[in-house]
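Participant: Dumping the structure here so I can ask a few things about it.
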Amino acid sequence: MVVGPSGSGKSTLLRTLNGLESIDSGTIRVDGVSLTDPATDVNRWRTEVGMVFQHFNLFQHRTALDNVALPQRVVRGRSRADAERYARDLLGRVGMGDFGERYPSQLSGGQQQRVAIARALAMDPKLMLFDEATSALDPETVGGILELMRGLARDGMTMAVVTHEMGFARDVGDRALFMDAGRIVEMGTPDEVFCHPKEARTRAFLEKIL
C-alpha cells in the first residue's frame, strides 16, 4: 500500500513498476525481473502487469465485453471465442455479468471501474497496480470496489495500491509505504506505519486524516 499527500510521487512510483516512467538512479526489481537492466524487454514485462487507473480508461466505442476481450486477442493472441468466454467469466466475477453488451456511457462510474478491473485481470497478470482506483467514485460505490479488491488479495493476487482509503490500507496491505516530496519517508507493516510511525512527517499526515 502506498499512501501520502497529493503530489508526493505515489502515482509516479506505481508507473515505474510497469516501465511507464523511467528513473534517474537506483534499481527496480519485481518478481526477479530488473526493470532497470537495459537487457530487460520492458514491453514484454508490461504484458505481465495489470493496471487500473483512477478514470477507468475504457474504450468508449466498445462494449464492456469487447473492452475485456480485445486486449486478450491483441496481446495474448487468444481466439475471439476464447477471449470472449474468459471475458464473460471475469465480468461475472466482478459483478458485471449482465452488462457485457453495454457501452461505458451506459454504465455508472463504479460499474466502469469493475469492467476496468476485469480487463486487467484478463491478462492473467503477475502484478496488479491500482492507482487511486476509488477516488473518482461516489462514497456509496467505493465500498463495493474495495471489497472486490479485498477478494483479489484473499485469492493471493500481488497488488501495489495507491490509495487514500486508510482503513482499507491497514486491513488489506502486507506492507505500507508513506511518501512525501518524491521520497519514501517510511516503510513497514501497516501496523508500524499507521499505528506506530517513527517519522514526524508520517505522524503529521496521519493526524490530519485519521
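For the C-alpha cells, the naming scheme is as follows: chains receive sequential letters (A, B, ...) according to their order of presentation, residues are indexed from 1 within each chain, and ligands are indexed from 1 in presentation order.
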With a distance cut-off of 12 Å and only C-alpha atoms, select the neighbouring residues of Val142 in chain A, excluding the residue or stretch itself and same-chain residues fewer than 5 positions from it, and output the selection as an MDAnalysis selection string.

Facilitator: chainID A and resid 109:111 113:114 132:137 147:149 163:165 168

Participant: Would you list the contacts of range 1-12 of chain A as number ranges by chain, taking every protein, DNA or RNA residue within 10 Å and counting only C-alpha atoms, but skipping same-chain residues closer than 2 positions in sequence?

Facilitator: A: 14-17, 20-23, 53, 129-132, 159-166, 168-170, 172-185, 187, 189-190, 201-202, 205-206

Participant: Quick one: contact table of range 74-131 of chain A to range 54-65 of chain A, 10 Å max, nearest atom pair and distance in Å to one decimal per residue, counting only C-alpha atoms, chain and number order, as a Markdown table?

Facilitator:
```
| residue | atom | partner | partner_atom | distance |
| --- | --- | --- | --- | --- |
| A:Ala83 | CA | A:Leu65 | CA | 9.4 |
| A:Glu84 | CA | A:Leu65 | CA | 6.9 |
| A:Arg85 | CA | A:Leu65 | CA | 9.5 |
| A:Tyr86 | CA | A:Leu65 | CA | 9.7 |
| A:Ala87 | CA | A:Leu65 | CA | 6.2 |
| A:Arg88 | CA | A:Leu65 | CA | 6.8 |
| A:Leu90 | CA | A:Leu65 | CA | 9.6 |
| A:Leu91 | CA | A:Leu65 | CA | 7.8 |
| A:Met96 | CA | A:Ala64 | CA | 8.8 |
| A:Gly97 | CA | A:Leu65 | CA | 9.3 |
| A:Phe99 | CA | A:Ala64 | CA | 7.0 |
| A:Gly100 | CA | A:Leu65 | CA | 4.5 |
| A:Glu101 | CA | A:Thr63 | CA | 5.4 |
| A:Arg102 | CA | A:Thr63 | CA | 5.2 |
| A:Tyr103 | CA | A:Thr63 | CA | 4.3 |
| A:Pro104 | CA | A:Gln60 | CA | 5.7 |
| A:Ser105 | CA | A:Gln60 | CA | 7.0 |
| A:Gln106 | CA | A:Thr63 | CA | 9.5 |
| A:Leu107 | CA | A:Ala64 | CA | 9.1 |
| A:Gly109 | CA | A:Phe56 | CA | 8.2 |
| A:Gly110 | CA | A:Phe56 | CA | 9.3 |
| A:Gln111 | CA | A:Ala64 | CA | 9.7 |
| A:Gln112 | CA | A:Phe56 | CA | 6.4 |
| A:Gln113 | CA | A:Phe56 | CA | 5.5 |
| A:Arg114 | CA | A:Phe56 | CA | 8.8 |
| A:Val115 | CA | A:Ala64 | CA | 6.4 |
| A:Ala116 | CA | A:Phe56 | CA | 5.8 |
| A:Ile117 | CA | A:Phe56 | CA | 8.7 |
| A:Ala118 | CA | A:Ala64 | CA | 9.5 |
| A:Arg119 | CA | A:Ala64 | CA | 9.0 |
| A:Phe130 | CA | A:Gln54 | CA | 8.0 |
| A:Asp131 | CA | A:Gln54 | CA | 5.9 |
```

Participant: Any chance you can output those residues with N, CA, C and O atoms as a compact mmCIF listing (two decimals), in the first residue's frame?

Facilitator:
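The resulting selection14.txt:
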```txt
# COMPACT_ATOMS: atom_id res chain seq x y z
N ALA A 83 -11.34 -15.56 -25.97
CA ALA A 83 -11.25 -14.27 -25.27
C ALA A 83 -12.61 -13.85 -24.73
O ALA A 83 -12.72 -13.39 -23.59
N GLU A 84 -13.64 -14.03 -25.52
CA GLU A 84 -14.97 -13.62 -25.07
C GLU A 84 -15.49 -14.54 -23.97
O GLU A 84 -16.16 -14.09 -23.05
N ARG A 85 -15.14 -15.81 -24.03
CA ARG A 85 -15.55 -16.74 -22.97
C ARG A 85 -14.91 -16.34 -21.64
O ARG A 85 -15.57 -16.29 -20.60
N TYR A 86 -13.63 -16.05 -21.70
CA TYR A 86 -12.92 -15.65 -20.49
C TYR A 86 -13.43 -14.30 -20.00
O TYR A 86 -13.58 -14.07 -18.79
N ALA A 87 -13.70 -13.39 -20.94
CA ALA A 87 -14.21 -12.08 -20.58
C ALA A 87 -15.54 -12.18 -19.86
O ALA A 87 -15.79 -11.49 -18.86
N ARG A 88 -16.42 -13.05 -20.32
CA ARG A 88 -17.72 -13.23 -19.66
C ARG A 88 -17.53 -13.79 -18.25
O ARG A 88 -18.21 -13.37 -17.31
N LEU A 90 -14.95 -13.34 -16.30
CA LEU A 90 -14.40 -12.30 -15.43
C LEU A 90 -15.43 -11.21 -15.14
O LEU A 90 -15.48 -10.69 -14.02
N LEU A 91 -16.25 -10.87 -16.11
CA LEU A 91 -17.31 -9.89 -15.84
C LEU A 91 -18.26 -10.42 -14.77
O LEU A 91 -18.72 -9.68 -13.91
N MET A 96 -20.45 -7.99 -13.01
CA MET A 96 -20.91 -7.30 -14.22
C MET A 96 -21.36 -8.28 -15.29
O MET A 96 -21.38 -7.95 -16.48
N GLY A 97 -21.76 -9.47 -14.88
CA GLY A 97 -22.12 -10.50 -15.85
C GLY A 97 -23.29 -10.14 -16.74
O GLY A 97 -23.38 -10.64 -17.87
N PHE A 99 -23.95 -7.12 -17.89
CA PHE A 99 -23.73 -5.82 -18.52
C PHE A 99 -22.73 -5.89 -19.68
O PHE A 99 -22.25 -4.85 -20.14
N GLY A 100 -22.44 -7.07 -20.17
CA GLY A 100 -21.41 -7.23 -21.20
C GLY A 100 -21.69 -6.49 -22.48
O GLY A 100 -20.76 -6.07 -23.17
N GLU A 101 -22.96 -6.32 -22.82
CA GLU A 101 -23.30 -5.68 -24.11
C GLU A 101 -23.49 -4.18 -23.99
O GLU A 101 -23.80 -3.52 -24.98
N ARG A 102 -23.28 -3.64 -22.82
CA ARG A 102 -23.45 -2.19 -22.64
C ARG A 102 -22.14 -1.46 -22.92
O ARG A 102 -21.05 -2.00 -22.70
N TYR A 103 -22.28 -0.21 -23.36
CA TYR A 103 -21.12 0.64 -23.60
C TYR A 103 -20.80 1.42 -22.31
O TYR A 103 -21.67 1.58 -21.45
N PRO A 104 -19.56 1.90 -22.18
CA PRO A 104 -19.19 2.64 -20.96
C PRO A 104 -20.14 3.78 -20.62
O PRO A 104 -20.41 4.02 -19.44
N SER A 105 -20.65 4.47 -21.63
CA SER A 105 -21.56 5.59 -21.36
C SER A 105 -22.87 5.14 -20.74
O SER A 105 -23.61 5.96 -20.18
N GLN A 106 -23.16 3.86 -20.82
CA GLN A 106 -24.38 3.31 -20.24
C GLN A 106 -24.14 2.72 -18.85
O GLN A 106 -25.05 2.14 -18.26
N LEU A 107 -22.94 2.89 -18.33
CA LEU A 107 -22.58 2.33 -17.03
C LEU A 107 -22.24 3.44 -16.05
O LEU A 107 -21.77 4.51 -16.43
N GLY A 109 -20.01 5.02 -12.78
CA GLY A 109 -18.58 5.04 -12.55
C GLY A 109 -18.09 3.76 -11.90
O GLY A 109 -17.06 3.19 -12.28
N GLY A 110 -18.82 3.30 -10.89
CA GLY A 110 -18.43 2.07 -10.23
C GLY A 110 -18.47 0.87 -11.14
O GLY A 110 -17.61 -0.02 -11.08
N GLN A 111 -19.48 0.82 -12.01
CA GLN A 111 -19.58 -0.28 -12.97
C GLN A 111 -18.43 -0.23 -13.98
O GLN A 111 -17.85 -1.28 -14.32
N GLN A 112 -18.08 0.96 -14.42
CA GLN A 112 -16.95 1.08 -15.35
C GLN A 112 -15.65 0.63 -14.68
O GLN A 112 -14.82 -0.03 -15.32
N GLN A 113 -15.48 0.95 -13.39
CA GLN A 113 -14.26 0.54 -12.71
C GLN A 113 -14.21 -0.98 -12.56
O GLN A 113 -13.14 -1.59 -12.65
N ARG A 114 -15.35 -1.61 -12.36
CA ARG A 114 -15.39 -3.07 -12.29
C ARG A 114 -14.98 -3.69 -13.64
O ARG A 114 -14.26 -4.70 -13.67
N VAL A 115 -15.43 -3.08 -14.72
CA VAL A 115 -15.03 -3.57 -16.05
C VAL A 115 -13.53 -3.38 -16.24
O VAL A 115 -12.84 -4.25 -16.79
N ALA A 116 -13.01 -2.24 -15.78
CA ALA A 116 -11.57 -1.99 -15.90
C ALA A 116 -10.77 -3.02 -15.12
O ALA A 116 -9.70 -3.47 -15.56
N ILE A 117 -11.26 -3.41 -13.95
CA ILE A 117 -10.57 -4.44 -13.16
C ILE A 117 -10.62 -5.78 -13.89
O ILE A 117 -9.62 -6.51 -13.95
N ALA A 118 -11.78 -6.11 -14.46
CA ALA A 118 -11.89 -7.36 -15.22
C ALA A 118 -10.94 -7.35 -16.41
O ALA A 118 -10.31 -8.37 -16.72
N ARG A 119 -10.82 -6.21 -17.07
CA ARG A 119 -9.91 -6.11 -18.22
C ARG A 119 -8.46 -6.36 -17.79
O ARG A 119 -7.71 -7.07 -18.47
N PHE A 130 -3.01 -0.55 -8.78
CA PHE A 130 -4.22 0.24 -8.61
C PHE A 130 -3.82 1.67 -8.28
O PHE A 130 -3.26 1.92 -7.21
N ASP A 131 -4.11 2.60 -9.19
CA ASP A 131 -3.73 3.99 -8.99
C ASP A 131 -4.95 4.81 -8.55
O ASP A 131 -5.69 5.32 -9.37
```

Participant: In Å, rounded to a single decimal, give me how far CA of Ile28 in chain A is from CA of Glu48 in chain A.

Facilitator: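 Here the two named atoms are 15.5 Å from each other.
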
Participant: As an exercise, work out the distance from CA of Val49 in chain A to CA of Met128 in chain A in Å and give it to one decimal place.

Facilitator: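 Separating CA of Val49 in chain A from CA of Met128 in chain A is a distance of 5.8 Å.
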
Participant: At what distance in Å, to one decimal, does CA of Thr158 in chain A lie from CA of Ile209 in chain A?

Facilitator: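 Atom-to-atom, CA of Ile209 in chain A to CA of Thr158 in chain A, that is 26.6 Å.
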
Participant: Run DSSP on the backbone and grab whatever in range 21-199 of chain A lands in helix (DSSP H, G or I); send it over as a ChimeraX atom specification.

Facilitator: /A:42-46,64-76,80-93,104-106,109-121,139-154,166-172,190-195

Participant: Give the answer as one residue: which of A:Gly77, A:Gly151, A:Pro139, A:Gly19 has the shortest atom-to-atom distance to Arg46 in chain A, using only C-alpha atoms?

Facilitator: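 Under the stated criterion, the closest residue is A:Gly19.
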
Participant: List every residue of range 12-184 of chain A that DSSP, applied to the backbone, labels as strand (DSSP E or B), and write the result as an MDAnalysis selection string.

Facilitator: chainID A and resid 29:30 33:34 49:52 127:131 159:162 176:180 183:184

Participant: Which residue is closest to Val74 in chain A? Choose from A:Asn18, A:Ala153, A:Ala122, A:Asp191 and count only C-alpha atoms.

Facilitator: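 Distance minimum relative to Val74 in chain A lands on A:Ala122.
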